[in-house]
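Enquirer: Structure: upload24.txt, compact mmCIF, C-alpha atoms and all ligand atoms.
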```txt
# COMPACT_ATOMS: atom_id res chain seq x y z
CA MET A 1 118.18 107.50 69.05
CA ALA A 2 118.88 109.20 72.36
CA LEU A 3 117.16 107.33 75.15
CA THR A 4 119.03 108.66 78.11
CA ASP A 5 117.02 111.82 78.68
CA THR A 6 115.73 111.90 82.24
CA HIS A 7 112.77 113.92 83.41
CA ALA A 8 111.54 114.45 86.94
CA ASP A 9 108.16 113.24 85.77
CA GLY A 10 108.98 110.24 83.62
CA ALA A 11 105.54 110.28 82.02
CA ALA A 12 106.26 113.70 80.50
CA SER A 13 109.45 112.78 78.64
CA PRO A 14 109.25 112.56 74.84
CA THR A 15 110.75 109.08 74.97
CA VAL A 16 108.09 107.86 77.37
CA ARG A 17 105.28 109.46 75.40
CA ARG A 18 106.54 107.70 72.29
CA LEU A 19 106.83 104.36 74.08
CA ARG A 20 103.36 104.64 75.59
CA ALA A 21 101.95 105.41 72.15
CA GLU A 22 103.74 102.33 70.87
CA LEU A 23 102.15 100.23 73.61
CA ALA A 24 98.74 101.56 72.67
CA SER A 25 99.28 100.60 69.04
CA LEU A 26 100.62 97.16 70.02
CA SER A 27 97.42 96.53 71.93
CA GLN A 28 95.54 96.85 68.64
CA LEU A 29 97.68 94.37 66.72
CA PRO A 30 96.36 90.86 66.00
CA ARG A 31 98.44 87.94 67.31
CA THR A 32 99.56 87.27 63.75
CA GLN A 33 101.41 90.59 63.83
CA ALA A 34 102.98 90.02 67.25
CA ARG A 35 106.39 91.60 67.64
CA THR A 36 108.85 92.53 70.31
CA LEU A 37 108.90 95.84 72.10
CA SER A 38 111.30 98.46 70.81
CA ALA A 39 114.61 98.90 72.57
CA GLY A 40 113.63 101.96 74.57
CA PHE A 41 111.38 99.86 76.79
CA TYR A 42 114.49 98.08 78.01
CA THR A 43 117.02 100.91 78.06
CA SER A 44 115.26 104.18 78.90
CA PRO A 45 115.69 105.43 82.48
CA ASP A 46 112.57 107.53 81.99
CA TYR A 47 110.50 104.52 81.02
CA LEU A 48 111.76 102.67 84.08
CA LYS A 49 110.68 105.63 86.19
CA LEU A 50 107.21 105.33 84.69
CA GLU A 51 107.21 101.63 85.55
CA ARG A 52 108.35 102.35 89.09
CA ASP A 53 105.69 105.03 89.61
CA ARG A 54 102.74 103.51 87.80
CA LEU A 55 103.30 99.79 87.48
CA PHE A 56 105.21 98.41 90.43
CA ARG A 57 103.59 100.48 93.16
CA ASP A 58 100.17 99.30 92.16
CA ALA A 59 100.79 95.59 91.64
CA TRP A 60 101.45 92.44 93.62
CA ILE A 61 105.18 92.04 94.08
CA CYS A 62 106.69 88.83 95.42
CA VAL A 63 109.42 89.45 97.96
CA GLY A 64 110.26 85.85 98.84
CA HIS A 65 109.13 82.56 100.29
CA VAL A 66 107.67 81.97 103.73
CA GLY A 67 110.24 79.22 104.23
CA ALA A 68 112.86 81.93 104.75
CA ILE A 69 111.08 82.95 107.97
CA PRO A 70 109.67 79.70 109.41
CA ASN A 71 109.56 80.67 113.11
CA VAL A 72 107.87 83.50 114.99
CA GLY A 73 110.34 86.39 115.14
CA ASP A 74 112.19 85.43 111.97
CA TYR A 75 112.61 88.36 109.60
CA PHE A 76 114.42 89.55 106.52
CA THR A 77 114.87 93.00 105.06
CA THR A 78 114.68 93.90 101.43
CA GLU A 79 113.87 96.82 99.21
CA PHE A 80 111.61 97.34 96.26
CA ILE A 81 111.82 100.45 94.12
CA ASP A 82 112.11 103.17 96.76
CA GLU A 83 110.63 101.25 99.66
CA LEU A 84 112.60 99.61 102.46
CA LEU A 85 110.73 96.53 103.60
CA LEU A 86 110.86 94.40 106.73
CA VAL A 87 109.25 91.01 106.25
CA VAL A 88 108.57 89.34 109.56
CA ARG A 89 106.74 86.28 110.86
CA ASP A 90 104.67 87.86 113.59
CA THR A 91 102.64 84.77 114.49
CA ALA A 92 102.87 81.08 113.68
CA SER A 93 100.36 81.52 110.88
CA THR A 94 100.95 85.07 109.60
CA VAL A 95 103.66 87.24 108.13
CA LYS A 96 103.70 91.01 107.92
CA VAL A 97 105.41 93.31 105.49
CA LEU A 98 106.35 96.51 107.33
CA ALA A 99 108.14 99.66 106.27
CA ASN A 100 111.65 99.26 107.57
CA VAL A 101 111.72 102.95 108.45
CA CYS A 102 111.73 104.03 112.08
CA ARG A 103 108.86 106.29 113.10
CA HIS A 104 111.26 108.45 115.11
CA ARG A 105 113.71 109.93 112.66
CA GLY A 106 113.59 107.49 109.81
CA SER A 107 116.49 105.14 110.25
CA PRO A 108 116.11 101.63 108.88
CA VAL A 109 115.06 99.62 111.92
CA MET A 110 116.53 96.22 111.09
CA GLN A 111 119.28 95.08 108.80
CA GLY A 112 119.90 91.82 106.96
CA ALA A 113 117.97 88.84 108.27
CA GLY A 114 117.66 87.02 111.57
CA SER A 115 115.36 86.20 114.44
CA THR A 116 114.24 88.52 117.22
CA ALA A 117 111.53 88.99 119.83
CA ARG A 118 111.33 92.75 119.25
CA LEU A 119 112.28 95.08 116.43
CA THR A 120 114.66 97.63 117.90
CA CYS A 121 116.06 100.62 116.06
CA ALA A 122 119.75 100.94 116.89
CA TYR A 123 119.76 104.75 116.66
CA HIS A 124 117.77 105.80 119.75
CA GLY A 125 116.36 102.48 120.84
CA TRP A 126 112.72 102.73 119.81
CA THR A 127 111.34 99.21 119.98
CA TYR A 128 108.48 97.72 118.03
CA ALA A 129 106.51 94.50 118.43
CA LEU A 130 106.66 91.98 115.59
CA ASP A 131 103.42 93.37 114.17
CA GLY A 132 104.93 96.87 114.01
CA ARG A 133 103.32 98.44 117.11
CA LEU A 134 105.66 100.72 119.01
CA VAL A 135 106.16 99.24 122.48
CA ALA A 136 109.02 101.28 123.89
CA ALA A 137 110.61 104.67 123.23
CA PRO A 138 113.26 105.65 125.78
CA LEU A 139 112.69 108.95 127.61
CA MET A 140 109.79 109.93 125.39
CA LYS A 141 106.99 109.93 127.96
CA ASP A 142 107.47 113.63 128.71
CA SER A 143 107.49 114.62 125.06
CA ALA A 144 104.29 116.61 124.58
CA ASN A 145 103.42 115.47 121.09
CA PHE A 146 104.35 111.82 121.50
CA ASP A 147 101.63 109.19 121.34
CA LYS A 148 102.78 105.61 121.13
CA GLN A 149 99.62 104.62 119.27
CA ASP A 150 100.51 106.94 116.40
CA CYS A 151 103.99 105.55 115.91
CA ALA A 152 103.53 102.05 114.56
CA LEU A 153 105.65 101.00 111.62
CA LYS A 154 103.71 101.35 108.41
CA GLN A 155 102.20 98.04 107.35
CA PHE A 156 101.82 97.19 103.69
CA THR A 157 99.05 95.07 102.25
CA SER A 158 100.43 91.58 101.80
CA GLU A 159 99.22 88.16 100.83
CA VAL A 160 100.76 84.72 100.90
CA TRP A 161 99.98 82.68 97.82
CA GLN A 162 101.22 79.09 97.65
CA GLY A 163 103.98 79.92 100.12
CA TYR A 164 105.13 83.08 98.32
CA ILE A 165 104.89 86.45 100.05
CA PHE A 166 103.43 89.23 97.92
CA VAL A 167 103.17 92.90 98.81
CA ASP A 168 101.03 95.63 97.27
CA LEU A 169 102.83 98.88 98.03
CA ASP A 170 99.94 101.23 97.37
CA GLY A 171 97.31 98.89 98.79
CA ARG A 172 94.95 99.37 95.87
CA ALA A 173 95.30 96.08 94.02
CA LEU A 174 92.47 93.60 94.07
CA PRO A 175 93.06 90.51 96.25
CA LEU A 176 95.64 88.31 94.58
CA ALA A 177 94.44 84.75 95.14
CA PRO A 178 91.16 85.11 93.20
CA GLN A 179 93.07 86.54 90.26
CA LEU A 180 95.27 83.44 90.24
CA SER A 181 92.52 80.87 90.69
CA PRO A 182 92.69 79.82 86.99
CA ILE A 183 96.25 78.66 87.64
CA GLU A 184 95.32 76.38 90.51
CA PRO A 185 94.27 73.34 88.43
CA PHE A 186 97.66 73.41 86.73
CA ILE A 187 99.72 73.49 89.92
CA ARG A 188 97.64 72.04 92.74
CA ASN A 189 99.08 68.53 92.43
CA TYR A 190 102.55 69.87 93.18
CA HIS A 191 101.21 71.10 96.53
CA PRO A 192 103.53 74.12 96.38
CA ALA A 193 102.58 75.43 99.81
CA GLU A 194 103.72 72.16 101.39
CA GLN A 195 107.10 72.11 99.69
CA HIS A 196 110.21 72.69 101.75
CA PHE A 197 112.34 75.79 101.39
CA LEU A 198 115.71 74.50 100.26
CA TYR A 199 117.82 77.24 98.76
CA GLN A 200 117.85 80.97 98.09
CA ALA A 201 120.38 83.35 96.57
CA GLU A 202 120.64 87.05 95.74
CA GLU A 203 122.19 88.19 92.50
CA VAL A 204 122.41 91.32 90.37
CA TRP A 205 122.24 90.83 86.62
CA ASN A 206 123.08 93.49 84.05
CA THR A 207 119.82 93.30 82.18
CA ASN A 208 116.41 94.95 82.14
CA TRP A 209 113.86 93.28 84.41
CA LYS A 210 111.54 92.55 81.46
CA CYS A 211 114.29 90.73 79.58
CA LEU A 212 114.65 88.37 82.52
CA VAL A 213 110.90 87.82 82.85
CA GLU A 214 110.58 87.17 79.12
CA ASN A 215 113.56 84.83 79.17
CA PHE A 216 112.19 82.77 82.05
CA MET A 217 108.83 82.60 80.38
CA GLU A 218 109.65 81.52 76.82
CA GLY A 219 110.68 78.07 75.68
CA TYR A 220 112.02 79.23 72.33
CA HIS A 221 115.58 79.53 73.62
CA LEU A 222 115.68 76.22 75.51
CA SER A 223 117.27 74.15 72.75
CA PRO A 224 119.73 76.66 71.25
CA LEU A 225 120.92 78.46 74.39
CA HIS A 226 120.72 75.51 76.76
CA ALA A 227 122.00 72.88 74.34
CA LYS A 228 124.10 71.24 77.06
CA THR A 229 121.75 71.68 80.02
CA LEU A 230 118.01 71.82 79.34
CA HIS A 231 117.68 70.73 75.71
CA SER A 232 117.90 67.02 76.50
CA ILE A 233 115.12 67.42 79.10
CA THR A 234 112.76 70.06 77.70
CA PRO A 235 113.52 70.75 74.04
CA THR A 236 111.94 73.79 72.45
CA VAL A 237 109.78 71.80 70.03
CA LEU A 238 107.85 70.18 72.88
CA CYS A 239 106.85 73.45 74.57
CA GLU A 240 103.19 74.42 74.69
CA LYS A 241 101.42 77.58 75.70
CA LEU A 242 99.05 77.44 78.65
CA PRO A 243 96.00 79.66 79.07
CA ASN A 244 96.85 83.17 80.24
CA GLY A 245 94.77 85.60 82.26
CA PRO A 246 94.81 89.28 83.19
CA ALA A 247 97.25 88.61 86.05
CA PHE A 248 99.46 85.85 84.66
CA THR A 249 100.83 83.93 81.72
CA GLY A 250 102.28 80.44 81.51
CA TYR A 251 103.61 77.59 79.42
CA ARG A 252 104.44 73.92 79.76
CA ALA A 253 107.77 72.39 78.74
CA ASN A 254 107.27 68.71 78.03
CA PHE A 255 110.06 66.22 78.60
CA HIS A 256 111.97 64.54 75.84
CA ALA A 257 111.00 60.88 75.54
CA ASP A 258 114.53 59.86 76.54
CA CYS A 259 114.54 62.00 79.68
CA PRO A 260 114.56 59.83 82.79
CA GLU A 261 112.03 60.35 85.56
CA ARG A 262 112.73 63.42 87.72
CA GLY A 263 111.91 62.64 91.34
CA PRO A 264 111.13 62.50 94.14
CA PHE A 265 107.75 63.99 93.33
CA HIS A 266 104.38 64.22 95.01
CA PRO A 267 102.28 61.09 94.40
CA ASP A 268 99.37 63.26 93.25
CA LEU A 269 101.22 64.30 90.07
CA THR A 270 99.51 63.06 86.92
CA GLY A 271 101.43 61.26 84.23
CA GLN A 272 101.67 64.48 82.25
CA GLU A 273 102.87 66.41 85.30
CA ARG A 274 105.59 63.83 85.89
CA ARG A 275 106.77 64.39 82.32
CA SER A 276 106.76 68.21 82.11
CA ASP A 277 107.65 71.50 83.79
CA VAL A 278 105.07 74.27 84.15
CA PHE A 279 106.11 77.91 84.17
CA TYR A 280 104.13 80.94 85.30
CA CYS A 281 104.70 84.66 85.49
CA ILE A 282 102.57 86.47 88.04
CA TYR A 283 102.66 89.97 86.59
CA PRO A 284 104.70 91.91 86.66
CA SER A 285 107.85 90.40 88.08
CA PHE A 286 107.46 87.02 89.77
CA VAL A 287 108.31 83.92 87.79
CA VAL A 288 108.13 80.33 88.94
CA GLY A 289 108.74 76.95 87.37
CA PHE A 290 107.09 73.83 88.78
CA CYS A 291 109.13 70.74 87.96
CA PRO A 292 108.10 67.29 89.18
CA HIS A 293 110.75 67.22 91.88
CA PHE A 294 111.53 70.88 92.63
CA THR A 295 110.18 74.38 92.16
CA LEU A 296 112.43 77.21 90.98
CA TYR A 297 111.33 80.79 91.56
CA MET A 298 112.66 84.27 90.92
CA CYS A 299 111.58 87.48 92.63
CA ILE A 300 112.71 90.16 90.23
CA ARG A 301 113.18 93.82 91.11
CA PRO A 302 114.48 96.60 88.91
CA PHE A 303 117.51 98.54 90.09
CA SER A 304 117.95 100.56 86.90
CA ALA A 305 117.01 100.13 83.25
CA ASP A 306 120.11 97.96 82.82
CA ARG A 307 120.32 96.18 86.18
CA VAL A 308 118.01 93.87 88.02
CA GLY A 309 118.03 92.26 91.45
CA VAL A 310 117.23 88.56 91.41
CA ARG A 311 116.21 86.68 94.53
CA TRP A 312 115.97 83.12 93.31
CA GLY A 313 115.30 79.99 95.22
CA VAL A 314 114.32 76.36 95.20
CA THR A 315 111.60 74.50 97.10
CA GLY A 316 110.81 70.84 96.85
CA VAL A 317 109.60 67.59 98.27
CA PRO A 318 112.85 66.70 100.11
CA ASP A 319 113.25 68.43 103.45
CA ASN A 320 117.03 68.39 103.76
CA PRO A 321 118.80 71.23 101.93
CA GLN A 322 122.04 69.25 102.13
CA ALA A 323 120.59 66.15 100.48
CA ALA A 324 122.54 65.09 97.43
CA GLU A 325 119.58 65.43 95.05
CA VAL A 326 118.87 68.95 96.33
CA MET A 327 122.45 70.09 95.92
CA ALA A 328 122.58 68.52 92.48
CA TYR A 329 119.43 70.38 91.40
CA VAL A 330 120.73 73.70 92.75
CA ARG A 331 123.98 73.13 90.83
CA PHE A 332 121.93 72.40 87.72
CA CYS A 333 119.92 75.61 88.21
CA LYS A 334 123.13 77.58 88.55
CA ALA A 335 124.44 76.06 85.35
CA PHE A 336 121.48 77.02 83.16
CA CYS A 337 120.97 80.34 84.96
CA ASP A 338 124.60 81.21 84.18
CA GLU A 339 123.80 80.54 80.52
CA ASP A 340 120.74 82.79 80.75
CA ARG A 341 122.60 85.51 82.56
CA ALA A 342 125.47 85.65 80.07
CA GLN A 343 122.96 85.75 77.21
CA LEU A 344 120.81 88.44 78.78
CA GLU A 345 123.82 90.62 79.51
CA ARG A 346 124.80 90.31 75.83
CA LEU A 347 121.21 91.09 74.84
CA GLN A 348 121.24 94.26 76.90
CA ILE A 349 124.23 95.49 74.92
CA GLY A 350 122.38 94.71 71.67
CA LEU A 351 119.36 96.65 72.85
CA HIS A 352 121.52 99.76 73.17
CA SER A 353 122.57 99.58 69.53
CA PRO A 354 121.11 102.32 67.31
CA SER A 355 120.50 99.58 64.74
CA HIS A 356 118.05 97.69 66.94
CA ARG A 357 114.57 97.27 65.51
CA PRO A 358 111.65 95.26 66.91
CA GLY A 359 111.45 91.71 65.56
CA PRO A 360 108.65 89.19 64.97
CA LEU A 361 107.74 86.79 67.77
CA ALA A 362 107.71 83.01 67.36
CA PRO A 363 104.39 81.09 67.50
CA ASP A 364 102.38 80.91 70.69
CA ASP A 365 103.90 77.68 72.00
CA TYR A 366 107.36 79.25 71.97
CA GLU A 367 106.90 82.98 72.58
CA GLY A 368 103.20 83.51 73.20
CA THR A 369 104.04 84.37 76.79
CA VAL A 370 106.21 87.27 75.60
CA TRP A 371 103.24 88.65 73.67
CA ASP A 372 101.09 88.24 76.77
CA LEU A 373 103.58 90.34 78.71
CA VAL A 374 103.51 93.01 75.99
CA GLN A 375 99.73 93.10 76.21
CA TYR A 376 99.87 93.36 80.00
CA MET A 377 102.24 96.33 79.69
CA ALA A 378 99.88 97.87 77.14
CA ARG A 379 96.91 97.49 79.48
CA ARG A 380 98.78 99.08 82.34
CA LEU A 381 100.83 101.76 80.62
CA GLY A 382 99.53 102.26 77.08
CA GLU A 383 98.67 105.89 76.41
CA ALA A 384 95.00 105.06 75.94
CA ASN A 385 94.99 104.15 79.61
CA GLU A 386 96.53 107.44 80.72
CA ARG A 387 94.91 108.19 84.00
CA ASP A 388 95.24 109.91 87.27
CA PRO A 389 97.64 107.76 89.30
CA GLY A 390 95.12 107.83 92.13
CA SER A 391 92.24 106.50 90.08
CA CYS A 392 93.28 102.89 89.57
CA ALA A 393 91.34 101.31 92.44
CA GLY A 394 89.81 98.09 91.30
CA GLU A 395 92.15 97.61 88.37
CA VAL A 396 92.91 93.97 87.78
CA GLN A 397 96.69 93.55 87.74
S1 LIG B 401 115.59 106.89 114.30
FE1 LIG B 401 114.97 105.05 115.18
S2 LIG B 401 115.03 105.42 117.33
FE2 LIG B 401 115.59 107.32 116.44
FE FE B 402 116.92 79.92 79.96
```
Please express the file's structure as structure tokens.

Expert:
Amino acid sequence: MALTDTHADGAASPTVRRLRAELASLSQLPRTQARTLSAGFYTSPDYLKLERDRLFRDAWICVGHVGAIPNVGDYFTTEFIDELLLVVRDTASTVKVLANVCRHRGSPVMQGAGSTARLTCAYHGWTYALDGRLVAAPLMKDSANFDKQDCALKQFTSEVWQGYIFVDLDGRALPLAPQLSPIEPFIRNYHPAEQHFLYQAEEVWNTNWKCLVENFMEGYHLSPLHAKTLHSITPTVLCEKLPNGPAFTGYRANFHADCPERGPFHPDLTGQERRSDVFYCIYPSFVVGFCPHFTLYMCIRPFSADRVGVRWGVTGVPDNPQAAEVMAYVRFCKAFCDEDRAQLERLQIGLHSPSHRPGPLAPDDYEGTVWDLVQYMARRLGEANERDPGSCAGEVQ
């Protein structure tokens, strides 16, 4: 099965047409027939191009946590699919997501991360305010077709939800918070927006972005893969599916009876919340796990069909990133994430095998979230939903 054919228009490739037809048929299957996607969804460059053009541009994408830019003037740069982004705290209470592309001749304006009063492009010195307005352009006042007002950095639609910064590249998605309101009862006692930003790291894993989302979101692998790390805390058999919605899916991993208390935690946590972790995927590519004492999140962005960028971090009740319990939790995260990463990189090799065939999914409590993700993909990209890319205003993500 050749899955490496690339077409300028990914939607036109035979591989993509076949995969979209498969999605449409999967959307008709009852839960009792739930199965995995076929390998091409995870290995085809053409299918990834379809996702880049028709899924990621028109969805809420998390780029990071507000704790990374706590003070006015703090910024970080990132990229998502083809866009260069500049995420900046422009006032004490707001952040902006700007195109990190100078309005003069297109150079990236800022690099890396830092703190600044003005955003100055190093090439010819054009200078922008923190909200993207052009405030200075050396020697340009005599240029006949120059109007400062027309040269602001492009601003993307963005929203902060529970401390996480989301961007909608095409600006056509419905507001995010109302779509996530069904989640609120399950997470409000953690008070996520009040948690302190404690750790963040950037990694590149050799896996498809969906493999990582699925892995974060299913409890089926907790006992076998994480026998030495997570099994004694959250064994597979105690996992339970949580209600899903058009914009999200989730599950709860209950603690083993022998697992000691995991604190410090917010006093509002119920008994059940003190004895479980709650995991959510905000479609398509943000995953977050609320534990009693800390929150672990991953902002996932596809680099290629086989490679994914992972910006992962930890927030929590303690405010000192150097505190012993914080460093111990980050070490623990690294330990089980290393197990996941090694497994997912092996999985990606398996997905390239000509012998790969889709397999049945485990019951809802263990892999129901994976089926939810399949159904989300089917809603967005199944052939029955073929549409003009410009006609998706109002689509629920
Ligand atoms: S490209 Fe930025 S000032 Fe010229
Ligand atoms: Fe895992």

Enquirer: Which polymer residues have any atom within 10 Å of an atom of Arg31 of chain A, counting all atoms listed in the file, with same-chain residues fewer than 3 positions away left out, as a compact mmCIF listing (two decimals) with C-alpha atoms, keeping the file's coordinate frame?

Expert:
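Output saved as around-v6.txt:
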```txt
# COMPACT_ATOMS: atom_id res chain seq x y z
CA LEU A 26 100.62 97.16 70.02
CA SER A 27 97.42 96.53 71.93
CA GLN A 28 95.54 96.85 68.64
CA ALA A 34 102.98 90.02 67.25
CA ARG A 35 106.39 91.60 67.64
CA LEU A 361 107.74 86.79 67.77
CA PRO A 363 104.39 81.09 67.50
CA ASP A 364 102.38 80.91 70.69
CA GLY A 368 103.20 83.51 73.20
CA TRP A 371 103.24 88.65 73.67
CA ASP A 372 101.09 88.24 76.77
```

Enquirer: Quick one: distance from atom CA of Leu344 of chain A to atom CA of Ala68 of chain A in Å, one decimal?

Expert: 27.9 Å

Enquirer: Given the point (113.4, 81.2, 111.1) in the coordinates of this file, which residues lie within 12 Å, counting all atoms listed in the file, and how would they look as a PyMOL selection string?

Expert: chain A and resi 65-76+87-92+95+113-117+197

Enquirer: Using all atoms listed in the file, tabulate the residues of chain A lying at most 12 Å from any atom of ligand FE 402 (chain B), each with its closest atom pair and that distance in Å to one decimal, by chain and increasing residue number, as a tab-separated table.

Expert:
```
residue	atom	partner	partner_atom	distance
A:Cys211	CA	B:FE402	FE	11.1
A:Leu212	CA	B:FE402	FE	9.1
A:Val213	CA	B:FE402	FE	10.3
A:Glu214	CA	B:FE402	FE	9.7
A:Asn215	CA	B:FE402	FE	6.0
A:Phe216	CA	B:FE402	FE	5.9
A:Met217	CA	B:FE402	FE	8.5
A:Glu218	CA	B:FE402	FE	8.1
A:Gly219	CA	B:FE402	FE	7.8
A:Tyr220	CA	B:FE402	FE	9.1
A:His221	CA	B:FE402	FE	6.5
A:Leu222	CA	B:FE402	FE	5.9
A:Ser223	CA	B:FE402	FE	9.2
A:Pro224	CA	B:FE402	FE	9.7
A:Leu225	CA	B:FE402	FE	7.0
A:His226	CA	B:FE402	FE	6.6
A:Ala227	CA	B:FE402	FE	10.3
A:Lys228	CA	B:FE402	FE	11.6
A:Thr229	CA	B:FE402	FE	9.6
A:Leu230	CA	B:FE402	FE	8.2
A:His231	CA	B:FE402	FE	10.2
A:Thr234	CA	B:FE402	FE	10.9
A:Pro235	CA	B:FE402	FE	11.4
A:Thr236	CA	B:FE402	FE	10.9
A:Ala253	CA	B:FE402	FE	11.9
A:Phe279	CA	B:FE402	FE	11.8
A:Gly289	CA	B:FE402	FE	11.4
A:Phe332	CA	B:FE402	FE	11.9
A:Cys333	CA	B:FE402	FE	9.8
A:Lys334	CA	B:FE402	FE	10.9
A:Ala335	CA	B:FE402	FE	10.0
A:Phe336	CA	B:FE402	FE	6.3
A:Cys337	CA	B:FE402	FE	6.4
A:Asp338	CA	B:FE402	FE	8.9
A:Glu339	CA	B:FE402	FE	6.9
A:Asp340	CA	B:FE402	FE	4.8
A:Arg341	CA	B:FE402	FE	8.4
A:Ala342	CA	B:FE402	FE	10.3
A:Gln343	CA	B:FE402	FE	8.8
A:Leu344	CA	B:FE402	FE	9.4
```

Enquirer: Counting all atoms listed in the file, what are the residues, protein, DNA or RNA alike, that approach ligand LIG 401 (chain B) to within 7 Å? I want them as a list in words.

Expert: Cys102, Arg103, His104, Arg105, Gly106, Ser107, Val109, Cys121, Ala122, Tyr123, His124, Gly125 and Trp126 of chain A

Enquirer: Taking all atoms listed in the file into account, name the residue in A:Thr120, A:Met327, A:Ser158, A:Asp365 that is nearest to Leu238 of chain A.

Expert: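 Among the listed residues, A:Asp365 lies closest to Leu238 of chain A.
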
Enquirer: Here is a test: counting all atoms listed in the file, which residue of A:Tyr283, A:Thr78, A:Lys154, A:Ala99 is nearest to Leu180 of chain A?

Expert: A:Tyr283

Enquirer: Which is closer to Arg311 of chain A than all the others in A:Ala378, A:Val63, A:Leu119, A:Leu50, using all atoms listed in the file?

Expert: A:Val63

Enquirer: Counting all atoms listed in the file, figure out which residue out of A:Gln33, A:Gln149, A:Ser25, A:Thr77 gets nearest to Gly64 of chain A.

Expert: A:Thr77

Enquirer: Of the residues A:Tyr376, A:Phe186, A:Phe166, A:Phe255, which is the one nearest to Arg275 of chain A, using only C-alpha atoms?

Expert: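 With only C-alpha atoms as the atom set, the closest residue is A:Phe255.
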
Enquirer: Which residues come within 6 Å of segment 294-309 of chain A, counting only C-alpha atoms, excluding same-chain residues fewer than 5 positions away, as a list in words?

Expert: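 Everything that qualifies: Thr43, Pro45, Leu48, Cys62, Glu203, Val204, Trp205, Asn206, Thr207, Asn208, Trp209, Ser285, Phe286, Val287, Val288, Gly289, Val314, Thr315 and Gly316 of chain A.
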
Enquirer: Could you state the separation of atom CA of His352 of chain A and atom CA of Lys210 of chain A in Å, given to one decimal place?

Expert: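 According to the coordinates, atom CA of His352 of chain A and atom CA of Lys210 of chain A are separated by 14.8 Å.
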
Enquirer: So how far away is atom CA of Ala324 of chain A from atom CA of Gln162 of chain A, in Å?

Expert: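 Computing the Euclidean distance for atom CA of Gln162 of chain A and atom CA of Ala324 of chain A yields 25.5 Å.
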
Enquirer: So which one's closest to Phe290 of chain A, A:Ile187, A:Leu351, A:Leu29, A:Leu130? Using all atoms listed in the file, please.

Expert: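 Comparing A:Ile187, A:Leu351, A:Leu29, A:Leu130 against Phe290 of chain A, the winner is A:Ile187.
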
Enquirer: Mind completing segment 134-146 of chain A with N, CA and C atoms? Output as a CSV table (one decimal), keeping the file's coordinate frame, please?

Expert:
```
chain,number,residue,atom,x,y,z
A,134,LEU,N,104.6,100.2,118.2
A,134,LEU,CA,105.7,100.7,119.0
A,134,LEU,C,105.4,100.3,120.5
A,135,VAL,N,106.4,99.7,121.1
A,135,VAL,CA,106.2,99.2,122.5
A,135,VAL,C,107.1,100.0,123.4
A,136,ALA,N,108.1,100.6,123.0
A,136,ALA,CA,109.0,101.3,123.9
A,136,ALA,C,109.7,102.4,123.1
A,137,ALA,N,109.9,103.5,123.8
A,137,ALA,CA,110.6,104.7,123.2
A,137,ALA,C,111.3,105.4,124.4
A,138,PRO,N,112.6,105.1,124.6
A,138,PRO,CA,113.3,105.6,125.8
A,138,PRO,C,113.1,107.2,126.0
A,139,LEU,N,112.7,107.5,127.2
A,139,LEU,CA,112.7,109.0,127.6
A,139,LEU,C,111.7,109.8,126.9
A,140,MET,N,110.7,109.2,126.2
A,140,MET,CA,109.8,109.9,125.4
A,140,MET,C,108.5,110.3,126.1
A,141,LYS,N,108.3,109.8,127.3
A,141,LYS,CA,107.0,109.9,128.0
A,141,LYS,C,106.7,111.4,128.3
A,142,ASP,N,107.7,112.2,128.4
A,142,ASP,CA,107.5,113.6,128.7
A,142,ASP,C,107.4,114.5,127.5
A,143,SER,N,107.6,113.9,126.3
A,143,SER,CA,107.5,114.6,125.1
A,143,SER,C,106.0,114.9,124.8
A,144,ALA,N,105.7,116.2,124.6
A,144,ALA,CA,104.3,116.6,124.6
A,144,ALA,C,103.5,116.0,123.4
A,145,ASN,N,104.2,115.9,122.3
A,145,ASN,CA,103.4,115.5,121.1
A,145,ASN,C,103.7,114.0,120.7
A,146,PHE,N,104.1,113.2,121.7
A,146,PHE,CA,104.4,111.8,121.5
A,146,PHE,C,103.2,111.0,121.9
```
